[in-house]
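Quick look at query-v6.cif (mmCIF, N, CA and C atoms):
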data_structure
loop_
_atom_site.label_atom_id
_atom_site.label_comp_id
_atom_site.auth_asym_id
_atom_site.auth_seq_id
_atom_site.Cartn_x
_atom_site.Cartn_y
_atom_site.Cartn_z
N MET A 69 -24.35 49.30 -4.62
CA MET A 69 -24.27 47.95 -4.11
C MET A 69 -25.48 47.70 -3.22
N LYS A 70 -26.18 46.59 -3.44
CA LYS A 70 -27.35 46.24 -2.65
C LYS A 70 -26.91 45.66 -1.31
N VAL A 71 -27.46 46.22 -0.22
CA VAL A 71 -27.07 45.76 1.11
C VAL A 71 -28.29 45.49 1.97
N ALA A 72 -28.06 44.66 2.98
CA ALA A 72 -29.05 44.42 4.03
C ALA A 72 -28.54 45.10 5.29
N TYR A 73 -29.41 45.81 5.96
CA TYR A 73 -29.09 46.44 7.25
C TYR A 73 -29.57 45.51 8.34
N ILE A 74 -28.66 45.11 9.22
CA ILE A 74 -29.02 44.26 10.35
C ILE A 74 -29.03 45.14 11.59
N GLY A 75 -30.21 45.39 12.09
CA GLY A 75 -30.40 46.23 13.27
C GLY A 75 -31.84 46.65 13.37
N ARG A 76 -32.24 47.08 14.54
CA ARG A 76 -33.64 47.47 14.72
C ARG A 76 -33.82 48.97 14.87
N HIS A 77 -32.72 49.70 14.94
CA HIS A 77 -32.81 51.15 15.15
C HIS A 77 -32.84 51.90 13.82
N THR A 78 -33.51 53.03 13.83
CA THR A 78 -33.52 53.92 12.68
C THR A 78 -32.13 54.53 12.56
N LEU A 79 -31.61 54.60 11.34
CA LEU A 79 -30.28 55.17 11.15
C LEU A 79 -30.29 56.67 11.44
N LEU A 80 -29.19 57.13 12.03
CA LEU A 80 -28.99 58.56 12.24
C LEU A 80 -28.73 59.23 10.89
N PRO A 81 -29.02 60.52 10.76
CA PRO A 81 -28.77 61.20 9.48
C PRO A 81 -27.35 61.02 8.95
N ASP A 82 -26.33 61.11 9.81
CA ASP A 82 -24.95 60.94 9.33
C ASP A 82 -24.67 59.49 8.92
N GLN A 83 -25.33 58.52 9.57
CA GLN A 83 -25.18 57.13 9.14
C GLN A 83 -25.76 56.95 7.74
N LYS A 84 -26.95 57.52 7.51
CA LYS A 84 -27.58 57.46 6.19
C LYS A 84 -26.67 58.10 5.14
N ARG A 85 -26.12 59.27 5.47
CA ARG A 85 -25.25 59.98 4.53
C ARG A 85 -24.01 59.15 4.20
N GLY A 86 -23.40 58.54 5.23
CA GLY A 86 -22.22 57.71 5.01
C GLY A 86 -22.52 56.52 4.11
N VAL A 87 -23.65 55.87 4.35
CA VAL A 87 -24.06 54.73 3.53
C VAL A 87 -24.22 55.17 2.08
N GLU A 88 -24.91 56.28 1.87
CA GLU A 88 -25.14 56.77 0.51
C GLU A 88 -23.84 57.16 -0.17
N GLU A 89 -22.96 57.84 0.54
CA GLU A 89 -21.69 58.28 -0.06
C GLU A 89 -20.78 57.11 -0.40
N LEU A 90 -20.95 55.99 0.28
CA LEU A 90 -20.18 54.79 -0.05
C LEU A 90 -20.80 54.01 -1.21
N GLY A 91 -21.94 54.47 -1.70
CA GLY A 91 -22.59 53.80 -2.81
C GLY A 91 -23.36 52.56 -2.39
N LEU A 92 -23.75 52.51 -1.12
CA LEU A 92 -24.49 51.37 -0.60
C LEU A 92 -25.98 51.71 -0.60
N LYS A 93 -26.80 50.77 -1.03
CA LYS A 93 -28.24 50.99 -1.05
C LYS A 93 -28.91 49.92 -0.19
N ILE A 94 -29.46 50.35 0.93
CA ILE A 94 -30.13 49.41 1.83
C ILE A 94 -31.47 49.02 1.20
N VAL A 95 -31.59 47.72 0.87
CA VAL A 95 -32.81 47.22 0.24
C VAL A 95 -33.58 46.28 1.16
N LYS A 96 -32.98 45.94 2.30
CA LYS A 96 -33.63 45.03 3.23
C LYS A 96 -33.14 45.32 4.64
N GLN A 97 -34.05 45.22 5.61
CA GLN A 97 -33.68 45.36 7.02
C GLN A 97 -34.02 44.07 7.74
N ILE A 98 -33.07 43.59 8.53
CA ILE A 98 -33.26 42.41 9.36
C ILE A 98 -33.06 42.86 10.80
N GLU A 99 -34.11 42.75 11.61
CA GLU A 99 -34.01 43.23 12.99
C GLU A 99 -33.17 42.30 13.87
N ASN A 100 -33.34 41.00 13.71
CA ASN A 100 -32.61 40.03 14.53
C ASN A 100 -32.19 38.85 13.67
N LEU A 101 -30.94 38.43 13.86
CA LEU A 101 -30.45 37.25 13.18
C LEU A 101 -30.60 36.03 14.08
N PRO A 102 -30.83 34.86 13.49
CA PRO A 102 -30.82 33.65 14.31
C PRO A 102 -29.39 33.38 14.78
N THR A 103 -29.23 32.54 15.78
CA THR A 103 -27.89 32.25 16.29
C THR A 103 -27.40 30.86 15.94
N GLU A 104 -28.31 29.99 15.52
CA GLU A 104 -27.92 28.62 15.17
C GLU A 104 -27.28 28.60 13.78
N PRO A 105 -26.16 27.87 13.62
CA PRO A 105 -25.45 27.85 12.32
C PRO A 105 -26.34 27.49 11.14
N LYS A 106 -27.22 26.49 11.29
CA LYS A 106 -28.09 26.08 10.18
C LYS A 106 -29.01 27.22 9.77
N GLU A 107 -29.57 27.92 10.75
CA GLU A 107 -30.48 29.03 10.47
C GLU A 107 -29.74 30.22 9.87
N ILE A 108 -28.53 30.48 10.35
CA ILE A 108 -27.72 31.57 9.78
C ILE A 108 -27.43 31.27 8.31
N ASN A 109 -27.07 30.01 8.03
CA ASN A 109 -26.79 29.62 6.65
C ASN A 109 -28.02 29.83 5.76
N GLN A 110 -29.20 29.56 6.28
CA GLN A 110 -30.42 29.79 5.52
C GLN A 110 -30.61 31.27 5.20
N VAL A 111 -30.32 32.12 6.18
CA VAL A 111 -30.42 33.57 5.95
C VAL A 111 -29.41 34.00 4.90
N VAL A 112 -28.17 33.50 5.00
CA VAL A 112 -27.13 33.84 4.03
C VAL A 112 -27.58 33.43 2.63
N GLN A 113 -28.11 32.23 2.48
CA GLN A 113 -28.55 31.76 1.16
C GLN A 113 -29.71 32.61 0.63
N GLN A 114 -30.61 32.99 1.52
CA GLN A 114 -31.74 33.85 1.11
C GLN A 114 -31.23 35.20 0.63
N LEU A 115 -30.27 35.79 1.37
CA LEU A 115 -29.73 37.10 0.98
C LEU A 115 -29.00 37.00 -0.36
N LYS A 116 -28.25 35.93 -0.56
CA LYS A 116 -27.57 35.74 -1.84
C LYS A 116 -28.59 35.63 -2.98
N ALA A 117 -29.69 34.91 -2.72
CA ALA A 117 -30.73 34.75 -3.74
C ALA A 117 -31.37 36.09 -4.09
N GLU A 118 -31.35 37.03 -3.14
CA GLU A 118 -31.91 38.36 -3.36
C GLU A 118 -30.86 39.32 -3.92
N ASP A 119 -29.68 38.79 -4.27
CA ASP A 119 -28.59 39.57 -4.84
C ASP A 119 -28.04 40.63 -3.87
N ILE A 120 -28.12 40.34 -2.58
CA ILE A 120 -27.51 41.22 -1.57
C ILE A 120 -26.01 41.01 -1.65
N GLN A 121 -25.26 42.11 -1.69
CA GLN A 121 -23.81 42.02 -1.84
C GLN A 121 -23.04 42.41 -0.58
N ALA A 122 -23.72 43.07 0.35
CA ALA A 122 -23.03 43.52 1.56
C ALA A 122 -24.02 43.61 2.72
N ILE A 123 -23.45 43.69 3.91
CA ILE A 123 -24.21 43.82 5.15
C ILE A 123 -23.74 45.09 5.84
N VAL A 124 -24.70 45.84 6.41
CA VAL A 124 -24.38 47.00 7.24
C VAL A 124 -25.00 46.74 8.61
N THR A 125 -24.24 46.97 9.67
CA THR A 125 -24.74 46.71 11.02
C THR A 125 -24.02 47.58 12.03
N VAL A 126 -24.53 47.58 13.25
CA VAL A 126 -23.87 48.32 14.34
C VAL A 126 -22.96 47.38 15.10
N ALA A 127 -23.49 46.28 15.59
CA ALA A 127 -22.68 45.34 16.35
C ALA A 127 -23.35 43.99 16.32
N LEU A 128 -22.54 42.97 16.14
CA LEU A 128 -23.02 41.59 16.18
C LEU A 128 -21.98 40.74 16.90
N PRO A 129 -22.39 39.62 17.46
CA PRO A 129 -21.40 38.70 18.06
C PRO A 129 -20.40 38.24 17.01
N PRO A 130 -19.16 37.97 17.43
CA PRO A 130 -18.11 37.60 16.48
C PRO A 130 -18.47 36.43 15.57
N HIS A 131 -19.14 35.40 16.08
CA HIS A 131 -19.45 34.24 15.22
C HIS A 131 -20.42 34.62 14.10
N LEU A 132 -21.33 35.57 14.37
CA LEU A 132 -22.23 36.02 13.31
C LEU A 132 -21.49 36.88 12.29
N LEU A 133 -20.63 37.77 12.78
CA LEU A 133 -19.82 38.58 11.86
C LEU A 133 -18.94 37.69 10.98
N ALA A 134 -18.36 36.65 11.58
CA ALA A 134 -17.50 35.75 10.81
C ALA A 134 -18.30 35.04 9.73
N SER A 135 -19.48 34.55 10.08
CA SER A 135 -20.31 33.85 9.10
C SER A 135 -20.71 34.78 7.97
N LEU A 136 -21.10 35.99 8.30
CA LEU A 136 -21.51 36.95 7.27
C LEU A 136 -20.34 37.40 6.42
N SER A 137 -19.17 37.62 7.05
CA SER A 137 -18.04 38.15 6.29
C SER A 137 -17.40 37.10 5.38
N GLN A 138 -17.77 35.84 5.54
CA GLN A 138 -17.32 34.81 4.60
C GLN A 138 -18.11 34.89 3.29
N ASN A 139 -19.26 35.56 3.34
CA ASN A 139 -20.17 35.57 2.20
C ASN A 139 -20.44 36.96 1.61
N PHE A 140 -20.21 38.00 2.39
CA PHE A 140 -20.53 39.36 1.97
C PHE A 140 -19.45 40.32 2.45
N LYS A 141 -19.42 41.51 1.84
CA LYS A 141 -18.68 42.60 2.46
C LYS A 141 -19.49 43.00 3.69
N VAL A 142 -18.81 43.29 4.79
CA VAL A 142 -19.51 43.68 6.01
C VAL A 142 -19.00 45.05 6.45
N PHE A 143 -19.96 45.96 6.63
CA PHE A 143 -19.67 47.32 7.09
C PHE A 143 -20.30 47.50 8.47
N VAL A 144 -19.52 48.05 9.40
CA VAL A 144 -19.99 48.23 10.77
C VAL A 144 -19.94 49.71 11.12
N PHE A 145 -21.05 50.21 11.67
CA PHE A 145 -21.08 51.58 12.17
C PHE A 145 -20.27 51.63 13.46
N GLU A 146 -19.21 52.43 13.48
CA GLU A 146 -18.43 52.60 14.70
C GLU A 146 -19.11 53.65 15.56
N MET A 147 -19.39 53.27 16.81
CA MET A 147 -20.09 54.14 17.74
C MET A 147 -19.24 54.31 18.99
N LYS A 148 -19.13 55.55 19.45
CA LYS A 148 -18.45 55.84 20.72
C LYS A 148 -19.53 55.87 21.79
N SER A 149 -19.32 55.14 22.86
CA SER A 149 -20.34 54.99 23.89
C SER A 149 -19.88 55.58 25.22
N SER A 150 -20.81 56.18 25.93
CA SER A 150 -20.54 56.73 27.26
C SER A 150 -21.85 56.70 28.03
N THR A 151 -21.85 57.22 29.24
CA THR A 151 -23.09 57.30 30.01
C THR A 151 -23.23 58.69 30.60
N VAL A 152 -24.47 59.06 30.85
CA VAL A 152 -24.81 60.30 31.55
C VAL A 152 -25.82 59.94 32.64
N PRO A 153 -25.95 60.81 33.63
CA PRO A 153 -26.79 60.45 34.78
C PRO A 153 -28.30 60.37 34.51
N SER A 154 -28.80 61.15 33.54
CA SER A 154 -30.25 61.23 33.38
C SER A 154 -30.64 61.36 31.91
N ILE A 155 -31.92 61.12 31.64
CA ILE A 155 -32.44 61.30 30.29
C ILE A 155 -32.35 62.77 29.88
N ALA A 156 -32.57 63.67 30.82
CA ALA A 156 -32.46 65.10 30.50
C ALA A 156 -31.04 65.42 30.02
N ASP A 157 -30.03 64.87 30.69
CA ASP A 157 -28.63 65.08 30.26
C ASP A 157 -28.40 64.47 28.88
N ALA A 158 -28.98 63.29 28.64
CA ALA A 158 -28.82 62.63 27.34
C ALA A 158 -29.47 63.46 26.24
N GLU A 159 -30.66 63.95 26.48
CA GLU A 159 -31.35 64.76 25.47
C GLU A 159 -30.58 66.04 25.16
N LYS A 160 -30.00 66.65 26.18
CA LYS A 160 -29.20 67.86 25.97
C LYS A 160 -27.97 67.52 25.12
N TRP A 161 -27.31 66.42 25.44
CA TRP A 161 -26.11 66.00 24.71
C TRP A 161 -26.45 65.70 23.25
N VAL A 162 -27.55 64.98 23.02
CA VAL A 162 -27.97 64.64 21.65
C VAL A 162 -28.30 65.91 20.87
N ALA A 163 -28.96 66.88 21.52
CA ALA A 163 -29.37 68.12 20.85
C ALA A 163 -28.17 68.91 20.32
N GLU A 164 -26.99 68.71 20.89
CA GLU A 164 -25.79 69.41 20.43
C GLU A 164 -25.34 68.92 19.06
N ASN A 165 -25.67 67.68 18.69
CA ASN A 165 -25.29 67.13 17.38
C ASN A 165 -26.22 65.97 17.02
N PRO A 166 -27.48 66.27 16.74
CA PRO A 166 -28.47 65.21 16.54
C PRO A 166 -28.26 64.35 15.30
N SER A 167 -27.46 64.80 14.35
CA SER A 167 -27.26 64.00 13.15
C SER A 167 -26.35 62.81 13.41
N ARG A 168 -25.63 62.82 14.51
CA ARG A 168 -24.73 61.69 14.79
C ARG A 168 -24.80 61.18 16.22
N ARG A 169 -25.74 61.68 17.02
CA ARG A 169 -25.84 61.25 18.42
C ARG A 169 -27.22 60.69 18.74
N THR A 170 -27.23 59.74 19.66
CA THR A 170 -28.49 59.17 20.15
C THR A 170 -28.26 58.66 21.57
N TYR A 171 -29.31 58.18 22.19
CA TYR A 171 -29.17 57.58 23.52
C TYR A 171 -30.11 56.41 23.68
N LEU A 172 -29.74 55.54 24.62
CA LEU A 172 -30.56 54.38 24.96
C LEU A 172 -30.89 54.46 26.45
N PRO A 173 -32.14 54.72 26.78
CA PRO A 173 -32.48 54.81 28.20
C PRO A 173 -32.28 53.46 28.89
N GLY A 174 -31.80 53.50 30.11
CA GLY A 174 -31.59 52.27 30.87
C GLY A 174 -32.74 52.04 31.82
N ARG A 175 -32.53 51.14 32.73
CA ARG A 175 -33.52 50.87 33.75
C ARG A 175 -33.56 52.04 34.74
N SER A 176 -34.65 52.14 35.43
CA SER A 176 -34.81 53.21 36.40
C SER A 176 -33.64 53.23 37.39
N GLY A 177 -33.06 54.40 37.56
CA GLY A 177 -31.95 54.57 38.49
C GLY A 177 -30.58 54.28 37.90
N GLU A 178 -30.52 53.71 36.71
CA GLU A 178 -29.23 53.42 36.06
C GLU A 178 -28.84 54.58 35.16
N PRO A 179 -27.55 54.74 34.89
CA PRO A 179 -27.12 55.78 33.96
C PRO A 179 -27.70 55.54 32.57
N VAL A 180 -27.78 56.59 31.78
CA VAL A 180 -28.30 56.52 30.42
C VAL A 180 -27.12 56.39 29.46
N ARG A 181 -27.18 55.42 28.57
CA ARG A 181 -26.10 55.20 27.61
C ARG A 181 -26.28 56.15 26.43
N VAL A 182 -25.22 56.92 26.13
CA VAL A 182 -25.23 57.82 24.98
C VAL A 182 -24.25 57.29 23.95
N LEU A 183 -24.62 57.45 22.67
CA LEU A 183 -23.83 56.91 21.56
C LEU A 183 -23.59 57.98 20.52
N GLU A 184 -22.36 58.04 20.03
CA GLU A 184 -22.03 58.98 18.97
C GLU A 184 -21.43 58.22 17.79
N PHE A 185 -22.01 58.43 16.61
CA PHE A 185 -21.53 57.80 15.39
C PHE A 185 -20.20 58.41 14.99
N ILE A 186 -19.19 57.56 14.77
CA ILE A 186 -17.84 58.01 14.43
C ILE A 186 -17.53 57.79 12.95
N GLY A 187 -17.94 56.65 12.42
CA GLY A 187 -17.62 56.34 11.03
C GLY A 187 -18.10 54.95 10.67
N ILE A 188 -17.77 54.54 9.46
CA ILE A 188 -18.14 53.20 8.97
C ILE A 188 -16.85 52.44 8.68
N ASN A 189 -16.74 51.25 9.24
CA ASN A 189 -15.58 50.40 9.03
C ASN A 189 -15.98 49.17 8.22
N GLU A 190 -15.16 48.79 7.26
CA GLU A 190 -15.35 47.51 6.60
C GLU A 190 -14.58 46.49 7.41
N VAL A 191 -15.23 45.39 7.77
CA VAL A 191 -14.59 44.38 8.61
C VAL A 191 -14.64 43.01 7.95
N LYS A 192 -13.65 42.20 8.26
CA LYS A 192 -13.63 40.80 7.87
C LYS A 192 -13.24 40.04 9.13
N VAL A 193 -14.10 39.14 9.54
CA VAL A 193 -13.87 38.40 10.78
C VAL A 193 -13.68 36.92 10.43
N THR A 194 -12.58 36.36 10.91
CA THR A 194 -12.30 34.95 10.75
C THR A 194 -12.05 34.36 12.12
N ILE A 195 -12.72 33.28 12.43
CA ILE A 195 -12.52 32.62 13.71
C ILE A 195 -11.84 31.28 13.44
N GLU A 196 -10.71 31.07 14.08
CA GLU A 196 -10.02 29.80 14.01
C GLU A 196 -10.29 29.07 15.31
N SER A 197 -10.71 27.82 15.19
CA SER A 197 -11.04 27.04 16.37
C SER A 197 -10.28 25.73 16.36
N LYS A 198 -9.66 25.40 17.47
CA LYS A 198 -8.93 24.14 17.61
C LYS A 198 -9.26 23.59 18.98
N ARG A 199 -9.87 22.40 19.02
CA ARG A 199 -10.21 21.80 20.31
C ARG A 199 -8.91 21.47 21.04
N VAL A 200 -8.84 21.92 22.29
CA VAL A 200 -7.65 21.67 23.10
C VAL A 200 -7.95 20.73 24.27
N TRP A 201 -9.23 20.41 24.43
CA TRP A 201 -9.59 19.46 25.49
C TRP A 201 -10.98 18.91 25.18
N THR A 202 -11.19 17.64 25.38
CA THR A 202 -12.47 17.01 25.12
C THR A 202 -12.97 16.32 26.39
N ALA A 203 -14.25 16.51 26.66
CA ALA A 203 -14.84 15.88 27.86
C ALA A 203 -15.16 14.43 27.59
#
Could you render the structure as structure tokens?
Amino acid sequence: MKVAYIGRHTLLPDQKRGVEELGLKIVKQIENLPTEPKEINQVVQQLKAEDIQAIVTVALPPHLLASLSQNFKVFVFEMKSSTVPSIADAEKWVAENPSRRTYLPGRSGEPVRVLEFIGINEVKVTIESKRVWTA
């Protein structure tokens, strides 16, 4: 199945393996999606024209997931997140299982966010909206 990966990070080895074992072939990477509905619709139409059948991503705002899941199968990398005090601690933690762990350095003096890949979930997001008050 032809898929687009939405994200700017290089996939971890276990993420790549999971994608391959599910029969998904990443043929396009999109680092950032627009947030305006008209622009999102343009991206959706472009992906359909390229015969993209599914989306793979780590995390997106609910309205973007809803828009994409109306048009494609959507697969999300489930990541367990925690923090450690320093980059040295993060590097040690990642070294214990580098095929499924990574870290995101924070600002100076802030804890370092560590992430562990858990699995791939297929998601369908629907947002129901009903105005309850008008200005």
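Counting only N, CA and C atoms, the residue from A:Ser167, A:Ser149, A:Asn189, A:Ser176 that sits nearest to Gln83 in chain A is A:Ser167.
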Item to complete: Any chance you could list, as a list in words, the residues in range 147-199 of chain A that come up strand (DSSP E or B) when DSSP is run on the backbone?
Response: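 Strand (DSSP E or B) assignments inside range 147-199 of chain A correspond to Met147, Lys148, Ser149, Ser150, Thr151, Val152, Arg169, Thr170, Tyr171, Leu172, Val180, Arg181, Val182, Leu183, Glu184, Phe185, Ile186, Gly187, Ile188, Asn189, Glu190 and Val191 of chain A.
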Item to complete: Identify, on the basis of only N, CA and C atoms, every residue whose closest approach to Glu146 in chain A does not exceed 8 Å; exclude the query and any residue fewer than 2 positions from it along the same chain; express the result as a PyMOL selection string.
Response: chain A and resi 125-127+143-144+148-149+183-189
Restricting it to N, CA and C atoms, dump the selection as a PDB file, keeping the file's coordinate frame.
ATOM      1  N   THR A 125     -24.240  46.970   9.670  1.00  0.00           N
ATOM      2  CA  THR A 125     -24.740  46.710  11.020  1.00  0.00           C
ATOM      3  C   THR A 125     -24.020  47.580  12.030  1.00  0.00           C
ATOM      4  N   VAL A 126     -24.530  47.580  13.250  1.00  0.00           N
ATOM      5  CA  VAL A 126     -23.870  48.320  14.340  1.00  0.00           C
ATOM      6  C   VAL A 126     -22.960  47.380  15.100  1.00  0.00           C
ATOM      7  N   ALA A 127     -23.490  46.280  15.590  1.00  0.00           N
ATOM      8  CA  ALA A 127     -22.680  45.340  16.350  1.00  0.00           C
ATOM      9  C   ALA A 127     -23.350  43.990  16.320  1.00  0.00           C
ATOM     10  N   PHE A 143     -19.960  45.960   6.630  1.00  0.00           N
ATOM     11  CA  PHE A 143     -19.670  47.320   7.090  1.00  0.00           C
ATOM     12  C   PHE A 143     -20.300  47.500   8.470  1.00  0.00           C
ATOM     13  N   VAL A 144     -19.520  48.050   9.400  1.00  0.00           N
ATOM     14  CA  VAL A 144     -19.990  48.230  10.770  1.00  0.00           C
ATOM     15  C   VAL A 144     -19.940  49.710  11.120  1.00  0.00           C
ATOM     16  N   LYS A 148     -19.130  55.550  19.450  1.00  0.00           N
ATOM     17  CA  LYS A 148     -18.450  55.840  20.720  1.00  0.00           C
ATOM     18  C   LYS A 148     -19.530  55.870  21.790  1.00  0.00           C
ATOM     19  N   SER A 149     -19.320  55.140  22.860  1.00  0.00           N
ATOM     20  CA  SER A 149     -20.340  54.990  23.890  1.00  0.00           C
ATOM     21  C   SER A 149     -19.880  55.580  25.220  1.00  0.00           C
ATOM     22  N   LEU A 183     -24.620  57.450  22.670  1.00  0.00           N
ATOM     23  CA  LEU A 183     -23.830  56.910  21.560  1.00  0.00           C
ATOM     24  C   LEU A 183     -23.590  57.980  20.520  1.00  0.00           C
ATOM     25  N   GLU A 184     -22.360  58.040  20.030  1.00  0.00           N
ATOM     26  CA  GLU A 184     -22.030  58.980  18.970  1.00  0.00           C
ATOM     27  C   GLU A 184     -21.430  58.220  17.790  1.00  0.00           C
ATOM     28  N   PHE A 185     -22.010  58.430  16.610  1.00  0.00           N
ATOM     29  CA  PHE A 185     -21.530  57.800  15.390  1.00  0.00           C
ATOM     30  C   PHE A 185     -20.200  58.410  14.990  1.00  0.00           C
ATOM     31  N   ILE A 186     -19.190  57.560  14.770  1.00  0.00           N
ATOM     32  CA  ILE A 186     -17.840  58.010  14.430  1.00  0.00           C
ATOM     33  C   ILE A 186     -17.530  57.790  12.950  1.00  0.00           C
ATOM     34  N   GLY A 187     -17.940  56.650  12.420  1.00  0.00           N
ATOM     35  CA  GLY A 187     -17.620  56.340  11.030  1.00  0.00           C
ATOM     36  C   GLY A 187     -18.100  54.950  10.670  1.00  0.00           C
ATOM     37  N   ILE A 188     -17.770  54.540   9.460  1.00  0.00           N
ATOM     38  CA  ILE A 188     -18.140  53.200   8.970  1.00  0.00           C
ATOM     39  C   ILE A 188     -16.850  52.440   8.680  1.00  0.00           C
ATOM     40  N   ASN A 189     -16.740  51.250   9.240  1.00  0.00           N
ATOM     41  CA  ASN A 189     -15.580  50.400   9.030  1.00  0.00           C
ATOM     42  C   ASN A 189     -15.980  49.170   8.220  1.00  0.00           C
TER      43      ASN A 189
END
Item to complete: One decimal, Å: what's the distance from CA of Ile120 in chain A over to CA of Val87 in chain A, could you say?
Response: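 Going from CA of Ile120 in chain A over to CA of Val87 in chain A, I get 14.8 Å.
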Discussion item. To one decimal place in Å, what is the distance between atom N of Asp119 in chain A and atom N of Lys96 in chain A?
Written reply: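 Atom-to-atom, atom N of Asp119 in chain A to atom N of Lys96 in chain A, that is 10.3 Å.
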Practice prompt. Please identify all polymer residues within 6 Å of Arg181 in chain A, counting only C-alpha atoms, omitting same-chain residues fewer than 6 positions from it, and present them as a VMD selection string.
Written response: chain A and resid 150 to 151 171 to 172
Item to complete: Any chance you could resolve the PyMOL selection byres (((chain A and resi 133 and name CA) around 10) and name CA) against this file and give the residues as a ChimeraX atom specification?
Response: /A:123,125,127-132,134-138,140,142-144,191-195
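Closest approach to Ile98 in chain A among A:Ala122, A:Ala72, A:Leu80, A:Leu115: A:Ala72, based on all atoms listed in the file.
Checking A:Glu190, A:Val111, A:Val71, A:Ser154 one by one against Pro173 in chain A, counting all atoms listed in the file, you find the shortest gap at A:Ser154.
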Worksheet item: Written as a list in words, what is the full residue list that the PyMOL selection byres (((chain A and resi 153 and name CA) around 9) and name CA) yields on the file shown?
Response: Thr151, Val152, Ser154, Ile155, Ala156, Asp157, Ala158, Gly177, Glu178, Pro179, Val180 and Arg181 of chain A
Practice prompt. From the DSSP assignment of the backbone, select every residue of chain A that is helix (DSSP H, G or I), and format the answer as a ChimeraX atom specification.
Written response: /A:81-89,105-117,130-137,155-163
Worksheet item: Suppose you want the space between CA of Gln110 in chain A and CA of Gln97 in chain A; what is it in Å?
Response: 16.0 Å
Discussion item. Which residues would end up in the selection if the PyMOL selection byres ((chain A and resi 100) around 6.5) were applied here, given that I need the answer as JSON, numbers by chain?
Written reply: {"A": [74, 75, 76, 98, 99, 101, 102]}
